[in-house]
$ cat coords19.cif   # mmCIF, N, CA and C atoms
data_work
loop_
_atom_site.label_atom_id
_atom_site.label_comp_id
_atom_site.auth_asym_id
_atom_site.auth_seq_id
_atom_site.Cartn_x
_atom_site.Cartn_y
_atom_site.Cartn_z
N MET A 25 0.82 -1.19 0.00
CA MET A 25 0.00 0.00 0.00
C MET A 25 0.87 1.26 0.00
N GLY A 26 2.09 1.12 0.45
CA GLY A 26 2.98 2.27 0.47
C GLY A 26 3.22 2.83 -0.93
N ALA A 27 3.35 1.95 -1.90
CA ALA A 27 3.56 2.41 -3.28
C ALA A 27 2.33 3.16 -3.78
N ALA A 28 1.15 2.66 -3.46
CA ALA A 28 -0.08 3.33 -3.88
C ALA A 28 -0.16 4.71 -3.25
N GLU A 29 0.17 4.82 -1.98
CA GLU A 29 0.14 6.13 -1.30
C GLU A 29 1.12 7.10 -1.94
N LYS A 30 2.29 6.61 -2.30
CA LYS A 30 3.29 7.46 -2.96
C LYS A 30 2.77 7.97 -4.30
N HIS A 31 2.17 7.07 -5.08
CA HIS A 31 1.65 7.47 -6.39
C HIS A 31 0.45 8.41 -6.24
N LEU A 32 -0.32 8.25 -5.19
CA LEU A 32 -1.43 9.17 -4.92
C LEU A 32 -0.89 10.57 -4.66
N LYS A 33 0.13 10.67 -3.82
CA LYS A 33 0.74 11.98 -3.53
C LYS A 33 1.30 12.64 -4.78
N ASN A 34 1.83 11.81 -5.69
CA ASN A 34 2.39 12.33 -6.94
C ASN A 34 1.34 12.50 -8.03
N ASN A 35 0.09 12.14 -7.71
CA ASN A 35 -1.02 12.22 -8.67
C ASN A 35 -0.71 11.42 -9.95
N SER A 36 -0.11 10.27 -9.77
CA SER A 36 0.25 9.39 -10.88
C SER A 36 -0.81 8.29 -10.98
N THR A 37 -1.87 8.58 -11.72
CA THR A 37 -3.05 7.73 -11.75
C THR A 37 -2.75 6.30 -12.18
N LYS A 38 -2.12 6.12 -13.32
CA LYS A 38 -1.88 4.76 -13.82
C LYS A 38 -1.00 3.96 -12.87
N ASN A 39 0.04 4.59 -12.34
CA ASN A 39 0.92 3.90 -11.39
C ASN A 39 0.18 3.60 -10.08
N PHE A 40 -0.67 4.52 -9.65
CA PHE A 40 -1.46 4.31 -8.44
C PHE A 40 -2.34 3.08 -8.59
N TYR A 41 -3.11 3.02 -9.66
CA TYR A 41 -4.02 1.89 -9.85
C TYR A 41 -3.27 0.59 -10.15
N GLY A 42 -2.09 0.69 -10.74
CA GLY A 42 -1.25 -0.49 -10.91
C GLY A 42 -0.82 -1.04 -9.56
N ALA A 43 -0.43 -0.15 -8.65
CA ALA A 43 -0.02 -0.56 -7.31
C ALA A 43 -1.20 -1.12 -6.52
N VAL A 44 -2.37 -0.50 -6.64
CA VAL A 44 -3.57 -0.99 -5.95
C VAL A 44 -3.93 -2.38 -6.47
N SER A 45 -3.89 -2.56 -7.79
CA SER A 45 -4.22 -3.85 -8.38
C SER A 45 -3.26 -4.93 -7.88
N LYS A 46 -1.99 -4.63 -7.88
CA LYS A 46 -1.00 -5.59 -7.40
C LYS A 46 -1.22 -5.91 -5.92
N THR A 47 -1.49 -4.88 -5.12
CA THR A 47 -1.69 -5.07 -3.69
C THR A 47 -2.89 -5.96 -3.40
N ILE A 48 -4.03 -5.66 -4.02
CA ILE A 48 -5.23 -6.44 -3.71
C ILE A 48 -5.11 -7.87 -4.21
N ARG A 49 -4.52 -8.05 -5.38
CA ARG A 49 -4.35 -9.40 -5.91
C ARG A 49 -3.41 -10.23 -5.03
N GLU A 50 -2.29 -9.64 -4.67
CA GLU A 50 -1.33 -10.37 -3.83
C GLU A 50 -1.90 -10.62 -2.43
N TYR A 51 -2.58 -9.62 -1.88
CA TYR A 51 -3.14 -9.80 -0.55
C TYR A 51 -4.19 -10.91 -0.55
N LEU A 52 -5.17 -10.82 -1.45
CA LEU A 52 -6.22 -11.84 -1.48
C LEU A 52 -5.65 -13.21 -1.82
N GLY A 53 -4.67 -13.24 -2.70
CA GLY A 53 -4.04 -14.51 -3.05
C GLY A 53 -3.37 -15.15 -1.84
N ASN A 54 -2.60 -14.37 -1.11
CA ASN A 54 -1.91 -14.89 0.07
C ASN A 54 -2.88 -15.23 1.19
N ARG A 55 -3.84 -14.36 1.42
CA ARG A 55 -4.76 -14.53 2.55
C ARG A 55 -5.69 -15.72 2.38
N PHE A 56 -6.14 -15.93 1.12
CA PHE A 56 -7.14 -16.98 0.89
C PHE A 56 -6.63 -18.10 -0.02
N HIS A 57 -5.33 -18.12 -0.26
CA HIS A 57 -4.70 -19.20 -1.03
C HIS A 57 -5.31 -19.33 -2.42
N ILE A 58 -5.34 -18.20 -3.11
CA ILE A 58 -5.82 -18.14 -4.49
C ILE A 58 -4.63 -17.73 -5.35
N SER A 59 -4.49 -18.32 -6.51
CA SER A 59 -3.42 -17.91 -7.41
C SER A 59 -3.66 -16.48 -7.87
N SER A 60 -2.71 -15.60 -7.62
CA SER A 60 -2.90 -14.20 -7.99
C SER A 60 -2.64 -13.96 -9.47
N GLY A 61 -1.97 -14.89 -10.13
CA GLY A 61 -1.62 -14.72 -11.54
C GLY A 61 -2.81 -14.54 -12.46
N GLY A 62 -3.79 -15.40 -12.37
CA GLY A 62 -4.96 -15.33 -13.24
C GLY A 62 -6.19 -14.83 -12.53
N MET A 63 -5.98 -14.11 -11.46
CA MET A 63 -7.10 -13.66 -10.63
C MET A 63 -7.97 -12.65 -11.37
N THR A 64 -9.27 -12.93 -11.37
CA THR A 64 -10.24 -12.00 -11.93
C THR A 64 -11.27 -11.69 -10.85
N VAL A 65 -12.04 -10.66 -11.07
CA VAL A 65 -13.06 -10.29 -10.11
C VAL A 65 -14.10 -11.41 -9.96
N ASP A 66 -14.42 -12.10 -11.03
CA ASP A 66 -15.40 -13.20 -10.96
C ASP A 66 -14.88 -14.36 -10.12
N ILE A 67 -13.62 -14.70 -10.30
CA ILE A 67 -13.03 -15.79 -9.51
C ILE A 67 -13.00 -15.41 -8.04
N VAL A 68 -12.57 -14.20 -7.76
CA VAL A 68 -12.51 -13.73 -6.38
C VAL A 68 -13.89 -13.70 -5.76
N ASP A 69 -14.85 -13.17 -6.50
CA ASP A 69 -16.22 -13.05 -5.98
C ASP A 69 -16.79 -14.41 -5.61
N SER A 70 -16.69 -15.36 -6.51
CA SER A 70 -17.27 -16.68 -6.23
C SER A 70 -16.52 -17.38 -5.10
N PHE A 71 -15.21 -17.26 -5.06
CA PHE A 71 -14.43 -17.90 -4.02
C PHE A 71 -14.68 -17.26 -2.65
N LEU A 72 -14.74 -15.95 -2.60
CA LEU A 72 -14.88 -15.26 -1.32
C LEU A 72 -16.30 -15.34 -0.77
N LYS A 73 -17.29 -15.51 -1.62
CA LYS A 73 -18.65 -15.72 -1.12
C LYS A 73 -18.69 -16.97 -0.25
N ASP A 74 -17.96 -17.98 -0.67
CA ASP A 74 -17.89 -19.22 0.10
C ASP A 74 -17.17 -19.04 1.43
N LYS A 75 -16.35 -17.99 1.54
CA LYS A 75 -15.62 -17.72 2.77
C LYS A 75 -16.45 -16.92 3.77
N GLY A 76 -17.63 -16.48 3.35
CA GLY A 76 -18.53 -15.78 4.26
C GLY A 76 -18.28 -14.28 4.40
N LEU A 77 -17.60 -13.68 3.45
CA LEU A 77 -17.40 -12.24 3.50
C LEU A 77 -18.73 -11.53 3.31
N ASN A 78 -18.89 -10.41 4.00
CA ASN A 78 -20.17 -9.71 3.86
C ASN A 78 -20.27 -9.04 2.49
N GLU A 79 -21.49 -8.76 2.10
CA GLU A 79 -21.76 -8.25 0.75
C GLU A 79 -21.11 -6.90 0.49
N GLU A 80 -21.04 -6.06 1.50
CA GLU A 80 -20.42 -4.73 1.31
C GLU A 80 -18.94 -4.86 0.97
N ILE A 81 -18.24 -5.75 1.65
CA ILE A 81 -16.82 -5.97 1.36
C ILE A 81 -16.65 -6.58 -0.03
N LEU A 82 -17.50 -7.53 -0.37
CA LEU A 82 -17.43 -8.12 -1.71
C LEU A 82 -17.65 -7.05 -2.78
N GLN A 83 -18.58 -6.14 -2.53
CA GLN A 83 -18.83 -5.06 -3.49
C GLN A 83 -17.63 -4.12 -3.57
N ASP A 84 -17.00 -3.84 -2.44
CA ASP A 84 -15.80 -3.00 -2.45
C ASP A 84 -14.69 -3.65 -3.27
N ILE A 85 -14.52 -4.95 -3.12
CA ILE A 85 -13.50 -5.67 -3.89
C ILE A 85 -13.79 -5.56 -5.38
N LYS A 86 -15.05 -5.78 -5.76
CA LYS A 86 -15.45 -5.66 -7.18
C LYS A 86 -15.17 -4.26 -7.70
N THR A 87 -15.51 -3.26 -6.88
CA THR A 87 -15.30 -1.87 -7.29
C THR A 87 -13.82 -1.57 -7.49
N ILE A 88 -12.99 -2.06 -6.57
CA ILE A 88 -11.54 -1.83 -6.70
C ILE A 88 -11.02 -2.45 -7.99
N PHE A 89 -11.40 -3.70 -8.27
CA PHE A 89 -10.97 -4.35 -9.51
C PHE A 89 -11.44 -3.55 -10.73
N HIS A 90 -12.69 -3.12 -10.70
CA HIS A 90 -13.26 -2.36 -11.82
C HIS A 90 -12.52 -1.04 -12.03
N GLU A 91 -12.27 -0.30 -10.95
CA GLU A 91 -11.57 0.98 -11.06
C GLU A 91 -10.14 0.79 -11.57
N CYS A 92 -9.49 -0.27 -11.12
CA CYS A 92 -8.13 -0.54 -11.60
C CYS A 92 -8.14 -0.82 -13.11
N ASP A 93 -9.12 -1.58 -13.56
CA ASP A 93 -9.23 -1.86 -14.99
C ASP A 93 -9.51 -0.59 -15.79
N ILE A 94 -10.40 0.25 -15.30
CA ILE A 94 -10.71 1.51 -15.99
C ILE A 94 -9.46 2.36 -16.11
N ALA A 95 -8.75 2.53 -15.01
CA ALA A 95 -7.58 3.40 -15.00
C ALA A 95 -6.45 2.85 -15.86
N ARG A 96 -6.33 1.54 -15.90
CA ARG A 96 -5.21 0.95 -16.63
C ARG A 96 -5.48 0.75 -18.11
N TYR A 97 -6.74 0.49 -18.48
CA TYR A 97 -7.02 0.10 -19.86
C TYR A 97 -7.93 1.04 -20.62
N ALA A 98 -8.62 1.95 -19.95
CA ALA A 98 -9.54 2.86 -20.64
C ALA A 98 -8.90 4.24 -20.75
N ALA A 99 -9.46 5.03 -21.61
CA ALA A 99 -8.93 6.38 -21.81
C ALA A 99 -9.34 7.32 -20.67
N LYS A 100 -10.32 6.91 -19.88
CA LYS A 100 -10.82 7.77 -18.81
C LYS A 100 -9.76 7.93 -17.73
N GLU A 101 -9.54 9.15 -17.32
CA GLU A 101 -8.58 9.46 -16.26
C GLU A 101 -9.34 9.70 -14.96
N LEU A 102 -8.99 8.97 -13.92
CA LEU A 102 -9.60 9.14 -12.62
C LEU A 102 -8.79 10.15 -11.82
N GLY A 103 -9.47 10.98 -11.04
CA GLY A 103 -8.80 12.04 -10.32
C GLY A 103 -8.37 11.65 -8.92
N THR A 104 -7.79 12.61 -8.23
CA THR A 104 -7.29 12.39 -6.88
C THR A 104 -8.39 11.97 -5.92
N ALA A 105 -9.57 12.56 -6.04
CA ALA A 105 -10.68 12.21 -5.14
C ALA A 105 -11.05 10.74 -5.29
N GLU A 106 -11.12 10.25 -6.53
CA GLU A 106 -11.45 8.85 -6.77
C GLU A 106 -10.34 7.94 -6.25
N MET A 107 -9.09 8.38 -6.42
CA MET A 107 -7.96 7.58 -5.94
C MET A 107 -7.99 7.46 -4.42
N LYS A 108 -8.32 8.54 -3.73
CA LYS A 108 -8.41 8.50 -2.27
C LYS A 108 -9.50 7.52 -1.81
N VAL A 109 -10.64 7.55 -2.49
CA VAL A 109 -11.74 6.63 -2.15
C VAL A 109 -11.30 5.18 -2.38
N THR A 110 -10.62 4.94 -3.48
CA THR A 110 -10.14 3.59 -3.78
C THR A 110 -9.17 3.11 -2.70
N LEU A 111 -8.25 3.98 -2.28
CA LEU A 111 -7.30 3.61 -1.24
C LEU A 111 -8.01 3.34 0.09
N GLU A 112 -9.03 4.12 0.40
CA GLU A 112 -9.82 3.88 1.62
C GLU A 112 -10.52 2.52 1.55
N LYS A 113 -11.09 2.19 0.38
CA LYS A 113 -11.76 0.90 0.22
C LYS A 113 -10.76 -0.25 0.35
N LEU A 114 -9.60 -0.08 -0.23
CA LEU A 114 -8.57 -1.11 -0.14
C LEU A 114 -8.18 -1.34 1.32
N THR A 115 -8.01 -0.28 2.06
CA THR A 115 -7.67 -0.37 3.49
C THR A 115 -8.78 -1.07 4.26
N GLU A 116 -10.04 -0.72 3.97
CA GLU A 116 -11.18 -1.35 4.64
C GLU A 116 -11.25 -2.84 4.34
N VAL A 117 -11.02 -3.21 3.09
CA VAL A 117 -11.07 -4.61 2.70
C VAL A 117 -9.99 -5.40 3.44
N ILE A 118 -8.78 -4.88 3.45
CA ILE A 118 -7.69 -5.59 4.12
C ILE A 118 -7.94 -5.68 5.62
N ASN A 119 -8.37 -4.60 6.22
CA ASN A 119 -8.66 -4.62 7.67
C ASN A 119 -9.76 -5.63 7.99
N TYR A 120 -10.80 -5.67 7.18
CA TYR A 120 -11.89 -6.62 7.38
C TYR A 120 -11.39 -8.05 7.26
N CYS A 121 -10.65 -8.32 6.20
CA CYS A 121 -10.17 -9.69 5.95
C CYS A 121 -9.22 -10.16 7.04
N GLU A 122 -8.47 -9.25 7.61
CA GLU A 122 -7.56 -9.63 8.69
C GLU A 122 -8.30 -10.10 9.93
N LYS A 123 -9.53 -9.68 10.08
CA LYS A 123 -10.32 -10.02 11.28
C LYS A 123 -11.10 -11.32 11.16
N ILE A 124 -11.26 -11.82 9.92
CA ILE A 124 -12.08 -13.03 9.77
C ILE A 124 -11.21 -14.27 9.91
N LYS A 125 -11.84 -15.32 10.32
CA LYS A 125 -11.18 -16.62 10.43
C LYS A 125 -11.34 -17.37 9.13
N GLU A 126 -10.35 -18.13 8.77
CA GLU A 126 -10.44 -18.95 7.54
C GLU A 126 -11.08 -20.26 7.82
#
$ encode --input "coords19.cif" --output "structure tokens"
Amino acid sequence: MGAAEKHLKNNSTKNFYGAVSKTIREYLGNRFHISSGGMTVDIVDSFLKDKGLNEEILQDIKTIFHECDIARYAAKELGTAEMKVTLEKLTEVINYCEKIKE
């Protein structure tokens, strides 16, 4: 998350969302023993539903994946406000997942 925070301060949108994407994929992969290489939002969603994550957290995860894809592959540029919200969601997801039992 440190890299994402650095890119946020520098207002480097593509690098920020690249760091967020890497962080969430690696975190979820390590935490729930999912291969991060081919991880998609659909795979994560179906796997994590079985783990009992609440719907709000699942929606936050989907949103983070979607925003990362938009920023990395679409022409649309997301601003600092959107980046801050994404970082807050990422923090909430990680904090929530750290509290649940596997």
$ atom_distance --input "coords19.cif" --atom1 "CA of Glu122 in chain A" --atom2 "CA of Ile81 in chain A"
12.4 Å
$ closest_atom_pairs --input "coords19.cif" --of "range 93-126 of chain A" --to "range 27-34 of chain A" --cutoff "8 Å" --atoms "only C-alpha atoms" --output "tab-separated table"
residue	atom	partner	partner_atom	distance
A:Thr104	CA	A:Leu32	CA	7.0
A:Met107	CA	A:Leu32	CA	6.8
A:Lys108	CA	A:Leu32	CA	7.5
A:Leu111	CA	A:Ala28	CA	7.7
$ closest_atom_pairs --input "coords19.cif" --of "range 67-104 of chain A" --to "range 51-56 of chain A" --cutoff "9 Å" --atoms "only C-alpha atoms" --output "tab-separated table"
residue	atom	partner	partner_atom	distance
A:Val68	CA	A:Leu52	CA	8.2
A:Phe71	CA	A:Phe56	CA	8.8
A:Leu72	CA	A:Phe56	CA	8.2
A:Lys75	CA	A:Phe56	CA	8.7
$ closest_residue --input "coords19.cif" --among "A:Lys125, A:Lys38, A:Lys113, A:His57" --to "Ile88 in chain A" --atoms "all atoms listed in the file"
A:Lys113
$ atom_distance --input "coords19.cif" --atom1 "atom C of Asn35 in chain A" --atom2 "atom N of Gln83 in chain A"
26.1 Å
$ atom_distance --input "coords19.cif" --atom1 "atom N of Cys121 in chain A" --atom2 "atom C of Glu101 in chain A"
27.8 Å
$ residues_near_point --input "coords19.cif" --point "(-3.2, -2.7, -11.8)" --cutoff "6.5 Å" --atoms "only N, CA and C atoms" --output "PyMOL selection string"
chain A and resi 41-46+92-93+96
$ select_by_dssp --input "coords19.cif" --residues "range 65-94 of chain A" --states "helix (DSSP H, G or I)" --output "PDB file with N, CA and C atoms, keeping the file's coordinate frame"
ATOM      1  N   VAL A  65     -12.040 -10.660 -11.070  1.00  0.00           N
ATOM      2  CA  VAL A  65     -13.060 -10.290 -10.110  1.00  0.00           C
ATOM      3  C   VAL A  65     -14.100 -11.410  -9.960  1.00  0.00           C
ATOM      4  N   ASP A  66     -14.420 -12.100 -11.030  1.00  0.00           N
ATOM      5  CA  ASP A  66     -15.400 -13.200 -10.960  1.00  0.00           C
ATOM      6  C   ASP A  66     -14.880 -14.360 -10.120  1.00  0.00           C
ATOM      7  N   ILE A  67     -13.620 -14.700 -10.300  1.00  0.00           N
ATOM      8  CA  ILE A  67     -13.030 -15.790  -9.510  1.00  0.00           C
ATOM      9  C   ILE A  67     -13.000 -15.410  -8.040  1.00  0.00           C
ATOM     10  N   VAL A  68     -12.570 -14.200  -7.760  1.00  0.00           N
ATOM     11  CA  VAL A  68     -12.510 -13.730  -6.380  1.00  0.00           C
ATOM     12  C   VAL A  68     -13.890 -13.700  -5.760  1.00  0.00           C
ATOM     13  N   ASP A  69     -14.850 -13.170  -6.500  1.00  0.00           N
ATOM     14  CA  ASP A  69     -16.220 -13.050  -5.980  1.00  0.00           C
ATOM     15  C   ASP A  69     -16.790 -14.410  -5.610  1.00  0.00           C
ATOM     16  N   SER A  70     -16.690 -15.360  -6.510  1.00  0.00           N
ATOM     17  CA  SER A  70     -17.270 -16.680  -6.230  1.00  0.00           C
ATOM     18  C   SER A  70     -16.520 -17.380  -5.100  1.00  0.00           C
ATOM     19  N   PHE A  71     -15.210 -17.260  -5.060  1.00  0.00           N
ATOM     20  CA  PHE A  71     -14.430 -17.900  -4.020  1.00  0.00           C
ATOM     21  C   PHE A  71     -14.680 -17.260  -2.650  1.00  0.00           C
ATOM     22  N   LEU A  72     -14.740 -15.950  -2.600  1.00  0.00           N
ATOM     23  CA  LEU A  72     -14.880 -15.260  -1.320  1.00  0.00           C
ATOM     24  C   LEU A  72     -16.300 -15.340  -0.770  1.00  0.00           C
ATOM     25  N   LYS A  73     -17.290 -15.510  -1.620  1.00  0.00           N
ATOM     26  CA  LYS A  73     -18.650 -15.720  -1.120  1.00  0.00           C
ATOM     27  C   LYS A  73     -18.690 -16.970  -0.250  1.00  0.00           C
ATOM     28  N   GLU A  79     -21.490  -8.760   2.100  1.00  0.00           N
ATOM     29  CA  GLU A  79     -21.760  -8.250   0.750  1.00  0.00           C
ATOM     30  C   GLU A  79     -21.110  -6.900   0.490  1.00  0.00           C
ATOM     31  N   GLU A  80     -21.040  -6.060   1.500  1.00  0.00           N
ATOM     32  CA  GLU A  80     -20.420  -4.730   1.310  1.00  0.00           C
ATOM     33  C   GLU A  80     -18.940  -4.860   0.970  1.00  0.00           C
ATOM     34  N   ILE A  81     -18.240  -5.750   1.650  1.00  0.00           N
ATOM     35  CA  ILE A  81     -16.820  -5.970   1.360  1.00  0.00           C
ATOM     36  C   ILE A  81     -16.650  -6.580  -0.030  1.00  0.00           C
ATOM     37  N   LEU A  82     -17.500  -7.530  -0.370  1.00  0.00           N
ATOM     38  CA  LEU A  82     -17.430  -8.120  -1.710  1.00  0.00           C
ATOM     39  C   LEU A  82     -17.650  -7.050  -2.780  1.00  0.00           C
ATOM     40  N   GLN A  83     -18.580  -6.140  -2.530  1.00  0.00           N
ATOM     41  CA  GLN A  83     -18.830  -5.060  -3.490  1.00  0.00           C
ATOM     42  C   GLN A  83     -17.630  -4.120  -3.570  1.00  0.00           C
ATOM     43  N   ASP A  84     -17.000  -3.840  -2.440  1.00  0.00           N
ATOM     44  CA  ASP A  84     -15.800  -3.000  -2.450  1.00  0.00           C
ATOM     45  C   ASP A  84     -14.690  -3.650  -3.270  1.00  0.00           C
ATOM     46  N   ILE A  85     -14.520  -4.950  -3.120  1.00  0.00           N
ATOM     47  CA  ILE A  85     -13.500  -5.670  -3.890  1.00  0.00           C
ATOM     48  C   ILE A  85     -13.790  -5.560  -5.380  1.00  0.00           C
ATOM     49  N   LYS A  86     -15.050  -5.780  -5.760  1.00  0.00           N
ATOM     50  CA  LYS A  86     -15.450  -5.660  -7.180  1.00  0.00           C
ATOM     51  C   LYS A  86     -15.170  -4.260  -7.700  1.00  0.00           C
ATOM     52  N   THR A  87     -15.510  -3.260  -6.880  1.00  0.00           N
ATOM     53  CA  THR A  87     -15.300  -1.870  -7.290  1.00  0.00           C
ATOM     54  C   THR A  87     -13.820  -1.570  -7.490  1.00  0.00           C
ATOM     55  N   ILE A  88     -12.990  -2.060  -6.570  1.00  0.00           N
ATOM     56  CA  ILE A  88     -11.540  -1.830  -6.700  1.00  0.00           C
ATOM     57  C   ILE A  88     -11.020  -2.450  -7.990  1.00  0.00           C
ATOM     58  N   PHE A  89     -11.400  -3.700  -8.270  1.00  0.00           N
ATOM     59  CA  PHE A  89     -10.970  -4.350  -9.510  1.00  0.00           C
ATOM     60  C   PHE A  89     -11.440  -3.550 -10.730  1.00  0.00           C
ATOM     61  N   HIS A  90     -12.690  -3.120 -10.700  1.00  0.00           N
ATOM     62  CA  HIS A  90     -13.260  -2.360 -11.820  1.00  0.00           C
ATOM     63  C   HIS A  90     -12.520  -1.040 -12.030  1.00  0.00           C
ATOM     64  N   GLU A  91     -12.270  -0.300 -10.950  1.00  0.00           N
ATOM     65  CA  GLU A  91     -11.570   0.980 -11.060  1.00  0.00           C
ATOM     66  C   GLU A  91     -10.140   0.790 -11.570  1.00  0.00           C
ATOM     67  N   CYS A  92      -9.490  -0.270 -11.120  1.00  0.00           N
ATOM     68  CA  CYS A  92      -8.130  -0.540 -11.600  1.00  0.00           C
ATOM     69  C   CYS A  92      -8.140  -0.820 -13.110  1.00  0.00           C
ATOM     70  N   ASP A  93      -9.120  -1.580 -13.560  1.00  0.00           N
ATOM     71  CA  ASP A  93      -9.230  -1.860 -14.990  1.00  0.00           C
ATOM     72  C   ASP A  93      -9.510  -0.590 -15.790  1.00  0.00           C
ATOM     73  N   ILE A  94     -10.400   0.250 -15.300  1.00  0.00           N
ATOM     74  CA  ILE A  94     -10.710   1.510 -15.990  1.00  0.00           C
ATOM     75  C   ILE A  94      -9.460   2.360 -16.110  1.00  0.00           C
TER      76      ILE A  94
END
$ closest_residue --input "coords19.cif" --among "A:Ala95, A:Leu102, A:Ile85, A:Ile58" --to "Leu114 in chain A" --atoms "all atoms listed in the file"
A:Ile85
